[in-house]
>>> print(open('start.pdb').read())   # PDB, C-alpha atoms and all ligand atoms
ATOM      1  CA  MET A 224     169.928  67.099 116.845
ATOM      2  CA  ILE A 225     171.476  65.362 113.903
ATOM      3  CA  LEU A 226     170.160  61.947 113.127
ATOM      4  CA  ALA A 227     172.826  59.632 111.834
ATOM      5  CA  VAL A 228     171.024  56.942 109.907
ATOM      6  CA  SER A 229     173.049  53.827 109.435
ATOM      7  CA  LYS A 230     173.399  52.680 105.851
ATOM      8  CA  LEU A 231     174.230  49.189 106.979
ATOM      9  CA  LYS A 232     171.533  46.617 107.229
ATOM     10  CA  ASN A 233     170.728  45.286 110.629
ATOM     11  CA  PRO A 234     172.696  42.009 110.777
ATOM     12  CA  SER A 235     170.005  40.011 112.598
ATOM     13  CA  SER A 236     167.421  39.280 109.933
ATOM     14  CA  PRO A 237     164.407  37.063 110.685
ATOM     15  CA  ALA A 238     165.260  33.388 110.911
ATOM     16  CA  ASP A 239     163.028  32.353 108.048
ATOM     17  CA  GLY A 240     164.804  34.470 105.425
ATOM     18  CA  TYR A 241     163.261  36.477 102.627
ATOM     19  CA  ARG A 242     159.762  37.798 103.247
ATOM     20  CA  GLY A 243     158.198  39.996 100.611
ATOM     21  CA  ARG A 244     154.739  41.408 100.139
ATOM     22  CA  PHE A 245     152.254  42.977  97.781
ATOM     23  CA  ALA A 246     150.147  45.640  99.447
ATOM     24  CA  PRO A 247     147.392  46.935  97.163
ATOM     25  CA  SER A 248     144.840  49.513  98.231
ATOM     26  CA  PRO A 249     141.409  48.174  97.229
ATOM     27  CA  THR A 250     140.391  51.300  95.345
ATOM     28  CA  GLY A 251     139.602  49.217  92.265
ATOM     29  CA  PRO A 252     140.623  46.018  90.466
ATOM     30  CA  LEU A 253     144.213  45.422  89.341
ATOM     31  CA  HIS A 254     145.327  47.364  86.276
ATOM     32  CA  ALA A 255     148.488  46.990  84.182
ATOM     33  CA  GLY A 256     150.489  49.094  86.669
ATOM     34  CA  SER A 257     149.473  47.182  89.779
ATOM     35  CA  LEU A 258     150.099  43.872  87.998
ATOM     36  CA  VAL A 259     153.698  44.993  87.364
ATOM     37  CA  ALA A 260     154.146  45.575  91.121
ATOM     38  CA  ALA A 261     152.475  42.267  91.957
ATOM     39  CA  LEU A 262     154.522  40.289  89.421
ATOM     40  CA  GLY A 263     157.835  41.998  90.276
ATOM     41  CA  SER A 264     157.432  41.424  94.002
ATOM     42  CA  TRP A 265     156.234  37.840  93.477
ATOM     43  CA  LEU A 266     159.165  36.975  91.183
ATOM     44  CA  ASP A 267     161.672  38.537  93.563
ATOM     45  CA  ALA A 268     160.282  36.485  96.462
ATOM     46  CA  ARG A 269     160.152  33.237  94.495
ATOM     47  CA  LYS A 270     163.612  33.764  92.998
ATOM     48  CA  ASN A 271     164.971  34.141  96.526
ATOM     49  CA  GLY A 272     163.077  31.100  97.823
ATOM     50  CA  GLY A 273     161.084  33.448 100.028
ATOM     51  CA  LYS A 274     157.552  34.039 101.193
ATOM     52  CA  TRP A 275     155.190  36.458  99.427
ATOM     53  CA  LEU A 276     152.439  37.946 101.533
ATOM     54  CA  LEU A 277     149.321  39.793 100.518
ATOM     55  CA  ARG A 278     148.253  42.777 102.581
ATOM     56  CA  ILE A 279     145.108  44.708 101.761
ATOM     57  CA  GLU A 280     145.700  48.385 102.517
ATOM     58  CA  ASP A 281     142.090  49.353 103.144
ATOM     59  CA  LEU A 282     142.971  52.044 105.625
ATOM     60  CA  ASP A 283     141.547  55.026 103.820
ATOM     61  CA  THR A 284     138.027  53.643 104.001
ATOM     62  CA  PRO A 285     136.355  56.459 102.019
ATOM     63  CA  ARG A 286     138.564  55.574  99.004
ATOM     64  CA  CYS A 287     137.977  51.820  99.161
ATOM     65  CA  VAL A 288     135.608  50.272  96.647
ATOM     66  CA  ALA A 289     133.231  47.482  97.658
ATOM     67  CA  GLY A 290     134.250  44.169  96.138
ATOM     68  CA  ALA A 291     137.720  45.356  95.051
ATOM     69  CA  THR A 292     139.537  43.173  97.600
ATOM     70  CA  GLN A 293     137.848  40.023  96.277
ATOM     71  CA  GLN A 294     138.472  41.107  92.683
ATOM     72  CA  ILE A 295     142.181  41.679  93.356
ATOM     73  CA  GLN A 296     142.529  38.280  95.004
ATOM     74  CA  TYR A 297     140.701  36.610  92.145
ATOM     75  CA  GLN A 298     142.877  38.380  89.552
ATOM     76  CA  LEU A 299     146.107  37.433  91.355
ATOM     77  CA  LEU A 300     145.100  33.792  91.527
ATOM     78  CA  ALA A 301     144.025  33.806  87.875
ATOM     79  CA  CYS A 302     147.573  34.992  87.085
ATOM     80  CA  GLY A 303     149.086  32.202  89.202
ATOM     81  CA  LEU A 304     150.368  34.703  91.781
ATOM     82  CA  SER A 305     149.475  32.839  94.947
ATOM     83  CA  TRP A 306     150.418  34.165  98.346
ATOM     84  CA  ASP A 307     151.649  32.578 101.546
ATOM     85  CA  GLU A 308     150.098  33.000 104.977
ATOM     86  CA  GLU A 309     146.887  34.705 105.946
ATOM     87  CA  VAL A 310     145.897  37.939 104.221
ATOM     88  CA  ILE A 311     146.176  40.987 106.489
ATOM     89  CA  HIS A 312     143.619  43.803 106.255
ATOM     90  CA  GLN A 313     144.751  47.172 107.547
ATOM     91  CA  SER A 314     141.183  48.106 108.484
ATOM     92  CA  GLN A 315     141.412  45.449 111.185
ATOM     93  CA  ARG A 316     144.707  46.606 112.634
ATOM     94  CA  GLN A 317     143.784  49.877 114.305
ATOM     95  CA  ASP A 318     145.056  48.685 117.692
ATOM     96  CA  ALA A 319     148.556  48.074 116.336
ATOM     97  CA  TYR A 320     148.721  51.572 114.810
ATOM     98  CA  LYS A 321     147.371  53.088 118.020
ATOM     99  CA  ARG A 322     150.079  51.330 120.033
ATOM    100  CA  ALA A 323     152.791  52.673 117.718
ATOM    101  CA  LEU A 324     151.350  56.187 117.957
ATOM    102  CA  GLU A 325     151.301  55.949 121.745
ATOM    103  CA  ARG A 326     154.913  54.813 121.757
ATOM    104  CA  LEU A 327     155.972  57.755 119.643
ATOM    105  CA  ASN A 328     154.017  60.032 121.939
ATOM    106  CA  GLY A 329     155.793  58.528 124.946
ATOM    107  CA  LEU A 330     159.110  59.220 123.217
ATOM    108  CA  GLN A 331     158.065  62.887 122.836
ATOM    109  CA  TYR A 332     157.898  62.836 119.059
ATOM    110  CA  LEU A 333     154.313  63.961 118.462
ATOM    111  CA  TYR A 334     152.397  67.176 118.426
ATOM    112  CA  PRO A 335     148.810  68.049 117.500
ATOM    113  CA  CYS A 336     148.146  70.128 114.400
ATOM    114  CA  ILE A 337     145.013  72.012 113.410
ATOM    115  CA  CYS A 338     146.229  73.291 110.029
ATOM    116  CA  SER A 339     144.002  72.619 107.029
ATOM    117  CA  ARG A 340     145.557  72.188 103.574
ATOM    118  CA  GLN A 341     144.412  75.676 102.712
ATOM    119  CA  MET A 342     146.056  77.145 105.805
ATOM    120  CA  ILE A 343     149.319  75.388 104.941
ATOM    121  CA  ALA A 344     149.116  76.629 101.341
ATOM    122  CA  ASN A 345     148.493  80.204 102.558
ATOM    123  CA  THR A 346     151.411  80.084 104.983
ATOM    124  CA  LEU A 347     153.726  78.826 102.267
ATOM    125  CA  ILE A 348     152.556  81.509  99.844
ATOM    126  CA  SER A 349     153.086  84.189 102.509
ATOM    127  CA  GLN A 350     156.640  82.865 102.852
ATOM    128  CA  GLY A 351     157.115  83.143  99.089
ATOM    129  CA  ILE A 352     157.224  79.361  98.657
ATOM    130  CA  GLN A 353     155.537  77.960  95.547
ATOM    131  CA  THR A 354     154.705  74.258  95.594
ATOM    132  CA  PRO A 355     154.811  72.829  92.069
ATOM    133  CA  ARG A 356     151.686  71.002  90.930
ATOM    134  CA  ASN A 357     151.765  67.291  91.824
ATOM    135  CA  GLN A 358     154.194  67.951  94.652
ATOM    136  CA  GLU A 359     153.396  67.718  98.315
ATOM    137  CA  MET A 360     153.519  70.873 100.396
ATOM    138  CA  VAL A 361     156.392  70.967 102.885
ATOM    139  CA  TYR A 362     154.794  71.515 106.281
ATOM    140  CA  PRO A 363     156.064  74.876 107.563
ATOM    141  CA  GLY A 364     155.876  73.846 111.228
ATOM    142  CA  THR A 365     153.052  76.242 112.142
ATOM    143  CA  CYS A 366     151.701  74.132 115.031
ATOM    144  CA  ARG A 367     155.046  72.809 116.227
ATOM    145  CA  PRO A 368     155.652  73.776 119.854
ATOM    146  CA  ALA A 369     159.049  75.049 120.996
ATOM    147  CA  SER A 370     159.676  71.813 122.868
ATOM    148  CA  ILE A 371     157.897  68.539 122.298
ATOM    149  CA  ARG A 372     156.464  66.727 125.304
ATOM    150  CA  SER A 373     154.305  63.647 125.705
ATOM    151  CA  ASN A 374     150.630  64.489 125.348
ATOM    152  CA  PRO A 375     147.797  63.000 127.424
ATOM    153  CA  VAL A 376     147.074  59.664 125.702
ATOM    154  CA  GLU A 377     143.337  60.328 125.467
ATOM    155  CA  THR A 378     144.009  63.350 123.229
ATOM    156  CA  LEU A 379     145.634  61.136 120.557
ATOM    157  CA  GLY A 380     142.186  60.064 119.378
ATOM    158  CA  GLU A 381     140.612  63.511 119.397
ATOM    159  CA  LEU A 382     139.072  64.528 116.106
ATOM    160  CA  GLN A 383     139.611  67.893 114.412
ATOM    161  CA  GLN A 384     143.332  67.735 115.045
ATOM    162  CA  ALA A 385     145.997  65.754 113.263
ATOM    163  CA  TRP A 386     149.124  64.332 114.875
ATOM    164  CA  ARG A 387     152.476  65.086 113.295
ATOM    165  CA  ILE A 388     155.886  63.640 113.994
ATOM    166  CA  ALA A 389     158.475  66.282 114.918
ATOM    167  CA  LEU A 390     161.575  65.740 112.800
ATOM    168  CA  PRO A 391     164.995  66.432 114.267
ATOM    169  CA  GLN A 392     167.067  69.073 112.505
ATOM    170  CA  ASN A 393     169.009  67.900 109.512
ATOM    171  CA  CYS A 394     167.013  64.711 109.091
ATOM    172  CA  HIS A 395     168.811  63.389 106.073
ATOM    173  CA  ILE A 396     168.037  59.805 105.102
ATOM    174  CA  GLU A 397     170.179  57.711 102.809
ATOM    175  CA  PHE A 398     169.340  54.291 101.475
ATOM    176  CA  GLU A 399     170.218  51.962  98.661
ATOM    177  CA  ASP A 400     167.571  50.922  96.171
ATOM    178  CA  SER A 401     168.454  47.550  94.627
ATOM    179  CA  ALA A 402     167.431  48.760  91.172
ATOM    180  CA  LEU A 403     168.033  52.506  91.290
ATOM    181  CA  GLY A 404     171.157  52.672  93.434
ATOM    182  CA  PRO A 405     171.921  55.195  96.204
ATOM    183  CA  GLN A 406     169.034  57.465  97.208
ATOM    184  CA  SER A 407     168.770  60.281  99.697
ATOM    185  CA  GLN A 408     166.213  62.731 100.961
ATOM    186  CA  ASN A 409     166.371  65.607 103.385
ATOM    187  CA  LEU A 410     163.060  65.227 105.179
ATOM    188  CA  ASN A 411     163.121  68.731 106.681
ATOM    189  CA  LYS A 412     163.517  70.376 103.293
ATOM    190  CA  GLU A 413     161.408  68.055 101.183
ATOM    191  CA  VAL A 414     158.586  66.907 103.483
ATOM    192  CA  GLY A 415     158.517  68.610 106.889
ATOM    193  CA  ASP A 416     156.928  67.146 110.023
ATOM    194  CA  PHE A 417     154.456  64.655 108.575
ATOM    195  CA  VAL A 418     151.055  63.394 109.690
ATOM    196  CA  LEU A 419     150.648  60.009 111.371
ATOM    197  CA  ARG A 420     147.022  60.374 112.352
ATOM    198  CA  ARG A 421     144.664  62.552 110.377
ATOM    199  CA  SER A 422     142.150  64.966 111.857
ATOM    200  CA  ASP A 423     139.338  62.579 110.803
ATOM    201  CA  GLY A 424     140.912  59.910 113.033
ATOM    202  CA  LEU A 425     142.386  57.761 110.224
ATOM    203  CA  PHE A 426     145.948  56.538 110.635
ATOM    204  CA  THR A 427     148.115  57.460 107.679
ATOM    205  CA  TYR A 428     149.701  55.145 105.139
ATOM    206  CA  GLN A 429     153.193  56.087 106.402
ATOM    207  CA  LEU A 430     152.525  54.836 109.909
ATOM    208  CA  ALA A 431     150.476  51.776 108.963
ATOM    209  CA  VAL A 432     152.874  50.490 106.312
ATOM    210  CA  VAL A 433     155.849  50.740 108.661
ATOM    211  CA  VAL A 434     154.050  48.999 111.532
ATOM    212  CA  ASP A 435     152.748  46.229 109.265
ATOM    213  CA  ASP A 436     156.026  45.637 107.443
ATOM    214  CA  ALA A 437     157.766  45.313 110.821
ATOM    215  CA  GLU A 438     155.134  43.090 112.432
ATOM    216  CA  GLN A 439     155.036  40.839 109.369
ATOM    217  CA  ASN A 440     158.865  40.681 109.382
ATOM    218  CA  ILE A 441     159.057  41.900 105.807
ATOM    219  CA  THR A 442     162.677  41.814 104.677
ATOM    220  CA  HIS A 443     162.237  43.000 101.070
ATOM    221  CA  ILE A 444     159.928  45.692  99.739
ATOM    222  CA  VAL A 445     159.427  45.566  95.984
ATOM    223  CA  ARG A 446     156.900  48.123  94.724
ATOM    224  CA  GLY A 447     156.269  50.825  92.127
ATOM    225  CA  LYS A 448     158.549  53.807  91.761
ATOM    226  CA  ASP A 449     155.655  56.137  92.627
ATOM    227  CA  LEU A 450     156.300  55.155  96.246
ATOM    228  CA  LEU A 451     160.009  55.961  96.174
ATOM    229  CA  SER A 452     159.492  59.428  97.671
ATOM    230  CA  ASN A 453     157.761  57.853 100.703
ATOM    231  CA  THR A 454     160.669  55.574 101.513
ATOM    232  CA  ALA A 455     162.780  58.058 103.490
ATOM    233  CA  ARG A 456     159.817  58.840 105.755
ATOM    234  CA  GLN A 457     159.268  55.150 106.306
ATOM    235  CA  ILE A 458     162.932  54.541 107.095
ATOM    236  CA  TYR A 459     162.862  57.414 109.569
ATOM    237  CA  LEU A 460     159.839  55.893 111.324
ATOM    238  CA  GLN A 461     161.552  52.483 111.378
ATOM    239  CA  GLU A 462     164.557  54.079 113.063
ATOM    240  CA  VAL A 463     162.566  55.831 115.785
ATOM    241  CA  LEU A 464     160.375  52.799 116.438
ATOM    242  CA  GLY A 465     163.435  50.539 116.570
ATOM    243  CA  TYR A 466     162.413  48.362 113.626
ATOM    244  CA  GLN A 467     164.744  46.730 111.142
ATOM    245  CA  ARG A 468     165.177  48.310 107.771
ATOM    246  CA  PRO A 469     164.055  46.103 104.856
ATOM    247  CA  ASP A 470     165.731  46.113 101.444
ATOM    248  CA  TYR A 471     164.026  48.284  98.833
ATOM    249  CA  LEU A 472     163.535  47.808  95.113
ATOM    250  CA  HIS A 473     161.343  50.247  93.187
ATOM    251  CA  LEU A 474     159.945  49.113  89.846
ATOM    252  CA  PRO A 475     159.357  51.170  86.677
ATOM    253  CA  LEU A 476     155.897  52.693  86.471
ATOM    254  CA  VAL A 477     153.411  52.041  83.723
ATOM    255  CA  LEU A 478     152.334  55.389  82.276
ATOM    256  CA  ASP A 479     149.346  56.214  80.119
ATOM    257  CA  GLU A 480     149.521  58.115  76.841
ATOM    258  CA  HIS A 481     149.606  61.437  78.771
ATOM    259  CA  GLY A 482     152.618  60.312  80.791
ATOM    260  CA  GLU A 483     150.467  59.900  83.930
ATOM    261  CA  LYS A 484     150.746  56.933  86.277
ATOM    262  CA  LEU A 485     147.910  54.455  85.747
ATOM    263  CA  SER A 486     145.402  54.707  88.552
ATOM    264  CA  LYS A 487     141.722  54.646  89.195
ATOM    265  CA  GLN A 488     141.745  58.455  88.908
ATOM    266  CA  THR A 489     143.182  58.213  85.384
ATOM    267  CA  LEU A 490     140.535  55.577  84.597
ATOM    268  CA  ALA A 491     143.001  52.730  84.093
ATOM    269  CA  THR A 492     141.300  49.666  82.693
ATOM    270  CA  GLN A 493     141.418  46.493  84.717
ATOM    271  CA  ILE A 494     143.510  43.587  83.521
ATOM    272  CA  ASN A 495     141.628  40.875  81.686
ATOM    273  CA  THR A 496     141.856  37.559  83.525
ATOM    274  CA  GLN A 497     138.712  35.951  82.108
ATOM    275  CA  ASP A 498     140.676  32.835  81.127
ATOM    276  CA  GLU A 499     144.249  31.513  81.198
ATOM    277  CA  LYS A 500     145.027  32.817  77.713
ATOM    278  CA  HIS A 501     144.107  36.405  78.597
ATOM    279  CA  ALA A 502     145.789  36.250  82.011
ATOM    280  CA  LEU A 503     149.002  35.053  80.345
ATOM    281  CA  LEU A 504     148.808  37.930  77.897
ATOM    282  CA  GLU A 505     148.604  40.390  80.800
ATOM    283  CA  LEU A 506     151.543  38.680  82.514
ATOM    284  CA  ARG A 507     153.595  38.897  79.323
ATOM    285  CA  LYS A 508     152.925  42.633  79.048
ATOM    286  CA  ALA A 509     153.927  43.127  82.689
ATOM    287  CA  ALA A 510     157.108  41.081  82.203
ATOM    288  CA  ASN A 511     157.967  43.072  79.127
ATOM    289  CA  HIS A 512     157.618  46.257  81.158
ATOM    290  CA  LEU A 513     159.941  44.776  83.767
ATOM    291  CA  GLY A 514     162.513  44.150  81.053
ATOM    292  CA  LEU A 515     162.306  40.351  81.168
ATOM    293  CA  SER A 516     163.232  38.725  77.909
ATOM    294  CA  HIS A 517     163.578  35.249  76.417
ATOM    295  CA  LEU A 518     160.439  33.943  78.084
ATOM    296  CA  PRO A 519     158.433  31.140  76.456
ATOM    297  CA  ASP A 520     156.118  32.809  73.948
ATOM    298  CA  GLY A 521     154.293  29.792  72.502
ATOM    299  CA  GLU A 522     150.518  29.356  72.449
ATOM    300  CA  ASN A 523     150.498  26.224  74.553
ATOM    301  CA  VAL A 524     152.592  27.295  77.481
ATOM    302  CA  THR A 525     150.764  27.229  80.813
ATOM    303  CA  ILE A 526     150.899  30.068  83.340
ATOM    304  CA  ALA A 527     152.765  27.801  85.773
ATOM    305  CA  GLU A 528     155.439  27.014  83.163
ATOM    306  CA  TRP A 529     155.713  30.632  82.145
ATOM    307  CA  LEU A 530     156.046  31.816  85.777
ATOM    308  CA  LEU A 531     158.806  29.291  86.370
ATOM    309  CA  ALA A 532     160.733  30.596  83.377
ATOM    310  CA  ALA A 533     160.115  34.193  84.491
ATOM    311  CA  THR A 534     161.413  33.369  87.977
ATOM    312  CA  HIS A 535     164.636  32.036  86.469
ATOM    313  CA  ALA A 536     164.957  35.103  84.265
ATOM    314  CA  TRP A 537     164.252  37.590  87.097
ATOM    315  CA  ARG A 538     167.277  39.772  87.814
ATOM    316  CA  SER A 539     169.768  37.190  86.638
ATOM    317  CA  GLU A 540     172.979  38.842  85.463
TER
HETATM  318  N1  LIG B   1     148.965  50.492  99.224
HETATM  319  C1  LIG B   1     149.935  51.157  98.407
HETATM  320  C2  LIG B   1     149.402  51.311  96.999
HETATM  321  O1  LIG B   1     148.510  50.585  96.609
HETATM  322  C3  LIG B   1     151.238  50.386  98.303
HETATM  323  C4  LIG B   1     152.000  50.438  99.540
HETATM  324  C5  LIG B   1     153.406  49.846  99.474
HETATM  325  O2  LIG B   1     153.672  48.968  98.645
HETATM  326  O3  LIG B   1     154.194  50.270 100.292
HETATM  327  O4  LIG B   1     149.888  52.182  96.294
END
>>> encode(input="start.pdb", output="structure tokens", more="lines below")
Ligand code: GLU
Amino acid sequence: MILAVSKLKNPSSPADGYRGRFAPSPTGPLHAGSLVAALGSWLDARKNGGKWLLRIEDLDTPRCVAGATQQIQYQLLACGLSWDEEVIHQSQRQDAYKRALERLNGLQYLYPCICSRQMIANTLISQGIQTPRNQEMVYPGTCRPASIRSNPVETLGELQQAWRIALPQNCHIEFEDSALGPQSQNLNKEVGDFVLRRSDGLFTYQLAVVVDDAEQNITHIVRGKDLLSNTARQIYLQEVLGYQRPDYLHLPLVLDEHGEKLSKQTLATQINTQDEKHALLELRKAANHLGLSHLPDGENVTIAEWLLAATHAWRSE
């Protein structure tokens, strides 16, 4: 089966126009890298007269840090980045993810998998395939049955086995990134059948983000370039679930002195929002990283004034 993925946007977009979002995982407070994603997505929404939603991606509960959600919200507000509508927490949306999983099962897209990471690594090695460091292993299809059928619904929640989506042959996804231009990925070659529910029962980021973006009618996804390689998987899921495809814009990453993406693992320091002066300094650094120039640089400018100027400057030719 060859999946022809339309490059055209679905013509019927939600009636209320642009809807963007910022979707941090509460694994720690905001650092310079996450502020770039927050500011870029906020400016894009405001420039387009749209809504900007905040979604807390606290799905991977073992990685979440107590208090981080409140800290992130406090930091955003200190930077003048206010959001519209109620904040969504992924930890409270299990039913929605379960419904999507059941739909995919009904469409005969799912199969259970008992492979551990080590088993996958061993299979790949036995096939002479080396996975470079920092790259995901391409699932070799070990557990994939010859033909995919719907499974008894009660088995979808069983622990000790993951649930993978069975990709059609030649699953080649093309999309346009508003900043980076045309992108494509062959999911069979670069990812393989991927996991939607883990063997510990947690739903994966890929499934949750697609369900939430669709249910929140997100029309524009503006986020860090580290997530670019996930986009084809998400577009594929949107296609099979019958959701509309949002526009994508991936922002430049902030790297540390070793060329690594800033993250909690690389001990990124949190942004300093102790007062307006410090928050504005952080915003200026983020704007600089986003390539915004000619913004008011005086001492007495308020955050509100500065954000207004930055909104005007955002992606204007
Ligand atoms: N929760 C993800 C992160 O913090 C972002 C997800 C997204 O923007 O799609 O990296």
>>> closest_atom_pairs(input="start.pdb", of="region 242-305 of chain A", to="region 528-535 of chain A", cutoff="8 Å", atoms="only C-alpha atoms", output="CSV")
residue,atom,partner,partner_atom,distance
A:Leu266,CA,A:Thr534,CA,5.3
A:Asp267,CA,A:Thr534,CA,7.6
A:Arg269,CA,A:Thr534,CA,6.6
A:Lys270,CA,A:Thr534,CA,5.5
A:Gly303,CA,A:Leu530,CA,7.8
>>> residues_around(input="start.pdb", residues="Val376 (chain A)", least_positions_apart="6", cutoff="12 Å", atoms="all atoms listed in the file", output="VMD selection string")
chain A and resid 321 to 322 324 to 329 331 333 to 335 386
>>> axis_aligned_box(input="start.pdb", around="ligand LIG 1 (chain B)", padding_each_side="3 Å", output="lines of an AutoDock Vina configuration file")
center_x = 151.4
center_y = 50.6
center_z = 98.3
size_x = 11.7
size_y = 9.2
size_z = 10.0
>>> residues_near_ligand(input="start.pdb", ligand="ligand LIG 1 (chain B)", cutoff="7 Å", atoms="only C-alpha atoms and all ligand atoms", output="VMD selection string")
chain A and resid 245 to 248 280 432 446 450
>>> residues_around(input="start.pdb", residues="Gln439 (chain A)", least_positions_apart="2", cutoff="10 Å", atoms="all atoms listed in the file", output="ChimeraX atom specification")
/A:242-244,276,278,311,433-437,441-442
>>> decode(input="start.pdb", residues="region 445-457 of chain A", atoms="N, CA and C atoms", output="mmCIF file, in the first residue's frame")
data_model
loop_
_atom_site.group_PDB
_atom_site.id
_atom_site.type_symbol
_atom_site.label_atom_id
_atom_site.label_comp_id
_atom_site.auth_asym_id
_atom_site.auth_seq_id
_atom_site.Cartn_x
_atom_site.Cartn_y
_atom_site.Cartn_z
ATOM 1 N N VAL A 445 4.419 26.067 16.183
ATOM 2 C CA VAL A 445 5.715 26.752 16.149
ATOM 3 C C VAL A 445 6.497 26.207 17.340
ATOM 4 N N ARG A 446 7.619 25.546 17.085
ATOM 5 C CA ARG A 446 8.352 24.887 18.168
ATOM 6 C C ARG A 446 9.806 24.715 17.753
ATOM 7 N N GLY A 447 10.616 24.186 18.661
ATOM 8 C CA GLY A 447 12.054 24.055 18.397
ATOM 9 C C GLY A 447 12.356 23.019 17.327
ATOM 10 N N LYS A 448 13.492 23.227 16.671
ATOM 11 C CA LYS A 448 13.891 22.356 15.576
ATOM 12 C C LYS A 448 14.211 20.929 16.044
ATOM 13 N N ASP A 449 14.420 20.751 17.346
ATOM 14 C CA ASP A 449 14.673 19.398 17.855
ATOM 15 C C ASP A 449 13.469 18.490 17.614
ATOM 16 N N LEU A 450 12.304 19.088 17.384
ATOM 17 C CA LEU A 450 11.098 18.282 17.185
ATOM 18 C C LEU A 450 10.780 18.043 15.715
ATOM 19 N N LEU A 451 11.634 18.593 14.838
ATOM 20 C CA LEU A 451 11.378 18.457 13.403
ATOM 21 C C LEU A 451 11.260 16.992 12.970
ATOM 22 N N SER A 452 12.120 16.142 13.523
ATOM 23 C CA SER A 452 12.131 14.734 13.083
ATOM 24 C C SER A 452 10.905 13.961 13.574
ATOM 25 N N ASN A 453 10.102 14.562 14.443
ATOM 26 C CA ASN A 453 8.854 13.923 14.895
ATOM 27 C C ASN A 453 7.670 14.284 13.995
ATOM 28 N N THR A 454 7.859 15.320 13.192
ATOM 29 C CA THR A 454 6.720 15.900 12.476
ATOM 30 C C THR A 454 6.094 14.925 11.482
ATOM 31 N N ALA A 455 6.917 14.173 10.756
ATOM 32 C CA ALA A 455 6.358 13.244 9.765
ATOM 33 C C ALA A 455 5.481 12.192 10.452
ATOM 34 N N ARG A 456 5.926 11.689 11.592
ATOM 35 C CA ARG A 456 5.119 10.722 12.339
ATOM 36 C C ARG A 456 3.783 11.332 12.735
ATOM 37 N N GLN A 457 3.848 12.590 13.154
ATOM 38 C CA GLN A 457 2.621 13.248 13.606
ATOM 39 C C GLN A 457 1.669 13.497 12.438
#
